Every structure is written in C-alpha cells, then in structure tokens.
Number of protein chains: 2
Amino acid sequence: MDIRHAESSDHARVAAVIDDWWGGRQMRDMLPRLFFTHFRDTSFVAEDGDGGLAGFLCGFLSQTYPGQAYVHFVGVAPEQRRAGLARDLYERFFTAARAAGRTSVHCVTSPRNTGSLAFHQRIGFEIEAEVEGYDGAGESRVLLARTL
Amino acid sequence: MDIRHAESSDHARVAAVIDDWWGGRQMRDMLPRLFFTHFRDTSFVAEDGDGGLAGFLCGFLSQTYPGQAYVHFVGVAPEQRRAGLARDLYERFFTAARAAGRTSVHCVTSPRNTGSLAFHQRIGFEIEAEVEGYDGAGESRVLLARTL
C-alpha cells in the first residue's frame with residue numbers, strides 16, 4: 001500500500017466511487033475538487049500495488065483556530081477495509097498537522113454512523129457534543145476531537 | 001447593509017435558503033458548516049437593516065499555493081440582487097486575501113451559469129480554462145482567476 005499526498009487529478013477517481021463506498025448515500029457533492037487542489041499537504045491518497053484507489057483522506061489546517069486541524073472526509077474501498085488503512089491515513093494526517101504546529105484534530109460524523117464513531121474512538125478521538133441540525137435541518141452531527 | 005465575518009452559527013441560516021437562492025438547484029451539500037467555522041477570516045455575511053440574511057461569501061487561503069486565495073461560494077438573496085452586494089462581498093474578500101499576502105484569487109463556476117461568468121468578468125476575473133468533468137462526471141467547470 002502506497003500513501004502519498006493527494007493531487008488535484010485524484011478527485012475524479014474518488015468522485016467516481018464515493019457514493020458506492022458510502023453504501024449508496026449521495027456523498028459526491030460534499031467533496032468538491034477544491035479539497036484535492038488546495039489542501040494537498042494535509043490530504044492523502046492510498047493506492048494498492050496495482051495503482052488502484054484504496055482510500056483517501058481530505059483534511060486541512062483551520063484558518064480560524066490556529067491550534068486546530070480538521071478532517072473533512074476519510075474513505076476506504078470496501079475490499080480494503082479491516083486492515084488498518086483508515087488508521088494509517090489518519091496517522092499521516094496527524095504527522096502533517098503536528099508539523100504545522102497544530103495541537104488538536106477535529107471532525108464530525110453522523111450519529112447514525114456507529115462504525116465511524118467506534119473507529120474514531122479507537123484511534124483516540126473523544127466525543128465533544130452531539131448537535132441537532134449541525135449541518136442544516138435534519139443533519140445532526142457528533143463532534144469529535146483528539147489531542148495531538 | 002452590514003458586512004461582517006462569518007460565524008459558525010450563520011451556516012444554518014444559509015443552509016435554509018441556499019437551494020432557493022440557486023433557483024431550486026440542490027446546493028446545500030456543497031456548503032458544509034466547516035466553511036463557516038474554520039475559514040471565518042476569509043468568509044463574510046451581509047445582513048440588511050433588519051438583520052435578515054442578504055448575502056454571504058465563503059472563501060479560504062490555499063494551503064497548496066501560498067500566493068492564492070479561493071472563493072468557494074458567493075450568494076445574494078433574490079430581493080437584494082442588482083445592487084452591487086456580491087461585488088462588495090468580493091471586495092471584502094480581496095482585502096482579506098491581500099492582507100494575508102495573496103496575489104491572486106481563483107474560483108470555478110458552471111459553464112451554464114452565464115450570469116455568474118459575466119459577473120466575475122465585470123469584477124476583473126479572467127477565464128483560465130473550461131474543464132469537462134472538473135468536479136466529476138457531467139460536472140464541467142469554468143476556471144476563473146483575478147490578480148490582486
């Protein structure tokens with residue numbers, strides 16, 4: 001498995017599979033190409049030995065909060081799951097965020113996504129709050145944070 | 001009209017109207033709350049004399065390209081259009097981007113959105129390219145840039 005910084009052109013490969021990777025949920029609009037173009041140094045793509053897309057992480061350094069970094073999306077191909085790849089992608093992000101002087105990482109997830117909640121707690125995130133309508137009416141979110 | 005920096009709580013107000021402001025297009029998923037939370041210093045909200053939402057702009061400083069700033073979304077309430085508010089929002093963004101040492105501003109728009117293309121050219125943007133499938137299959141985009 002090769003993990004490298006994201007490139008703008010990776011967006012098309014991710015956009016083509018993201019709805020499938022999320023079990024048919026409409027996710028593509030939530031991940032415009034700008035994350036692959038303008039946040040390359042805190043975004044990563046994993047490829048298997050054949051160059052196939054195995055996973056990705058899109059994150060950035062908060063402009064508002066100079067101590068914070070934020071992960072917007074992390075995804076792993078269904079056939080690559082349960083092998084630690086999401087954790088490896090996060091470790092790369094933690095390293096990049098620390099190198100940029102950040103002291104905490106934040107993300108949000110849906111309260112229905114119990115797999116995501118359990119995963120984040122395994123890698124050191126703690127639940128800060130659950131906020132009804134956080135991303136608009138009907139879109140509640142659990143806010144998670146991890147110290148670096 | 002009062003233009004101020006965006007706050008995280010502004011997201012709910014924008015999310016409630018954004019699809020209507022875009023003539024019924026499904027836009028809300030493209031503007032998650034993170035833009036209002038983590039890019040406050042380059043994002044702005046305009047309120048009319050009664051505190052009603054008149055417009056907003058969400059932009060950020062590129063991490064990948066230290067000379068660039070990027071505008072992700074700008075919107076004006078239908079009843080507030082043709083009074084120069086989008087231009088005023090952009091001027092606030094240009095000032096913030098210059099203060100952060102940026103020398104160019106970039107954005108993308110749909111080639112079908114001729115009103116947006118004409119507006120951006122009026123305020124000094126030039127068309128860099130039109131890229132088929134830029135934001136995924138079927139989602140062509142015109143790339144625009146303006147020197148600061």
# chains A, B, ... in the order shown; residues from 1 in each chain; ligands from 1
$ select_by_dssp --residues "chain A" --states "strand (DSSP E)" --output "VMD selection string"
chain A and resid 2 to 5 43 to 47 53 to 61 68 to 76 104 to 109 126 to 131 141 to 147
$ interface_residues --of "chain A" --to "chain B" --cutoff "10 Å" --atoms "only C-alpha atoms" --output "NGL selection string"
:A and (8-9 or 11-16 or 26-42 or 60-66 or 68-72 or 107-108 or 133-137)
$ atom_distance --atom1 "CA of Val17 in chain A" --atom2 "CA of Ala145 in chain A"
27.6 Å
$ residues_around --residues "range 87-91 of chain A" --least-positions-apart "2" --cutoff "8 Å" --atoms "only C-alpha atoms" --output "PyMOL selection string"
chain A and resi 3+44+46+56-57+84-85+93-95+123
$ residues_around --residues "Val45 in chain B" --least-positions-apart "2" --cutoff "9 Å" --atoms "only C-alpha atoms" --output "list in words"
Asp2, Ile3, Arg4, His5, Ala6, Glu7, Asp10, Ser43, Glu47, Leu53, Ala54, Gly55, Phe56, Leu57, Cys58 and Leu89 of chain B
$ write_last_selection --atoms "N, CA, C and O atoms" --output "mmCIF file, in the first residue's frame"
data_model
loop_
_atom_site.group_PDB
_atom_site.id
_atom_site.type_symbol
_atom_site.label_atom_id
_atom_site.label_comp_id
_atom_site.auth_asym_id
_atom_site.auth_seq_id
_atom_site.Cartn_x
_atom_site.Cartn_y
_atom_site.Cartn_z
ATOM 1 N N ASP B 2 -24.927 45.570 6.332
ATOM 2 C CA ASP B 2 -23.779 45.327 7.209
ATOM 3 C C ASP B 2 -23.060 44.059 6.742
ATOM 4 O O ASP B 2 -23.675 42.997 6.656
ATOM 5 N N ILE B 3 -21.785 44.181 6.411
ATOM 6 C CA ILE B 3 -20.989 43.006 6.033
ATOM 7 C C ILE B 3 -19.979 42.734 7.152
ATOM 8 O O ILE B 3 -19.228 43.618 7.542
ATOM 9 N N ARG B 4 -20.010 41.511 7.658
ATOM 10 C CA ARG B 4 -19.121 41.117 8.770
ATOM 11 C C ARG B 4 -18.557 39.728 8.486
ATOM 12 O O ARG B 4 -19.012 39.037 7.582
ATOM 13 N N HIS B 5 -17.575 39.334 9.285
ATOM 14 C CA HIS B 5 -17.028 37.993 9.139
ATOM 15 C C HIS B 5 -18.102 36.950 9.470
ATOM 16 O O HIS B 5 -18.955 37.171 10.337
ATOM 17 N N ALA B 6 -18.037 35.830 8.766
ATOM 18 C CA ALA B 6 -18.973 34.737 9.022
ATOM 19 C C ALA B 6 -18.742 34.151 10.404
ATOM 20 O O ALA B 6 -17.630 34.205 10.947
ATOM 21 N N GLU B 7 -19.797 33.575 10.963
ATOM 22 C CA GLU B 7 -19.695 32.824 12.214
ATOM 23 C C GLU B 7 -20.267 31.431 11.969
ATOM 24 O O GLU B 7 -21.112 31.245 11.096
ATOM 25 N N ASP B 10 -23.905 31.028 11.449
ATOM 26 C CA ASP B 10 -24.536 31.528 10.217
ATOM 27 C C ASP B 10 -24.885 30.392 9.257
ATOM 28 O O ASP B 10 -25.732 30.555 8.374
ATOM 29 N N SER B 43 -14.342 34.606 5.112
ATOM 30 C CA SER B 43 -15.749 34.385 4.762
ATOM 31 C C SER B 43 -16.596 35.485 5.398
ATOM 32 O O SER B 43 -16.290 35.950 6.497
ATOM 33 N N GLU B 47 -25.959 41.402 6.150
ATOM 34 C CA GLU B 47 -27.303 41.479 6.730
ATOM 35 C C GLU B 47 -27.933 42.817 6.378
ATOM 36 O O GLU B 47 -27.254 43.849 6.356
ATOM 37 N N LEU B 53 -30.784 37.879 6.432
ATOM 38 C CA LEU B 53 -29.644 37.423 5.626
ATOM 39 C C LEU B 53 -29.773 37.960 4.202
ATOM 40 O O LEU B 53 -30.735 37.645 3.494
ATOM 41 N N ALA B 54 -28.805 38.771 3.773
ATOM 42 C CA ALA B 54 -28.838 39.364 2.435
ATOM 43 C C ALA B 54 -27.852 38.695 1.488
ATOM 44 O O ALA B 54 -28.062 38.707 0.271
ATOM 45 N N GLY B 55 -26.782 38.146 2.014
ATOM 46 C CA GLY B 55 -25.792 37.510 1.158
ATOM 47 C C GLY B 55 -24.674 36.915 1.984
ATOM 48 O O GLY B 55 -24.581 37.146 3.194
ATOM 49 N N PHE B 56 -23.823 36.155 1.329
ATOM 50 C CA PHE B 56 -22.669 35.548 2.017
ATOM 51 C C PHE B 56 -21.607 35.221 0.993
ATOM 52 O O PHE B 56 -21.876 35.105 -0.216
ATOM 53 N N LEU B 57 -20.388 35.083 1.473
ATOM 54 C CA LEU B 57 -19.261 34.614 0.658
ATOM 55 C C LEU B 57 -18.417 33.695 1.530
ATOM 56 O O LEU B 57 -18.082 34.046 2.662
ATOM 57 N N CYS B 58 -18.095 32.501 1.005
ATOM 58 C CA CYS B 58 -17.201 31.575 1.704
ATOM 59 C C CYS B 58 -15.946 31.376 0.869
ATOM 60 O O CYS B 58 -16.014 30.887 -0.267
ATOM 61 N N LEU B 89 -19.077 42.012 -1.334
ATOM 62 C CA LEU B 89 -18.578 40.823 -0.629
ATOM 63 C C LEU B 89 -17.209 40.418 -1.176
ATOM 64 O O LEU B 89 -16.283 40.101 -0.425
#
$ closest_residue --among "A:Met1, A:Leu144, A:Ala100, A:Ala118" --to "Gln80 in chain A" --atoms "only C-alpha atoms"
A:Met1
$ closest_residue --among "B:Thr109, B:Ile127, B:Ser104, B:Arg122" --to "Arg146 in chain B" --atoms "only C-alpha atoms"
B:Ser104
$ select_by_dssp --residues "range 29-112 of chain A" --states "alpha helix (DSSP H)" --output "PyMOL selection string"
chain A and resi 34-38+85-99
$ closest_residue --among "A:Gly124, A:Glu132, A:Thr103, A:Ile18" --to "Phe73 in chain A" --atoms "only C-alpha atoms"
A:Ile18
$ closest_residue --among "A:Val142, A:Arg102, A:Pro78, A:Gly49" --to "Gln121 in chain A" --atoms "only C-alpha atoms"
A:Val142
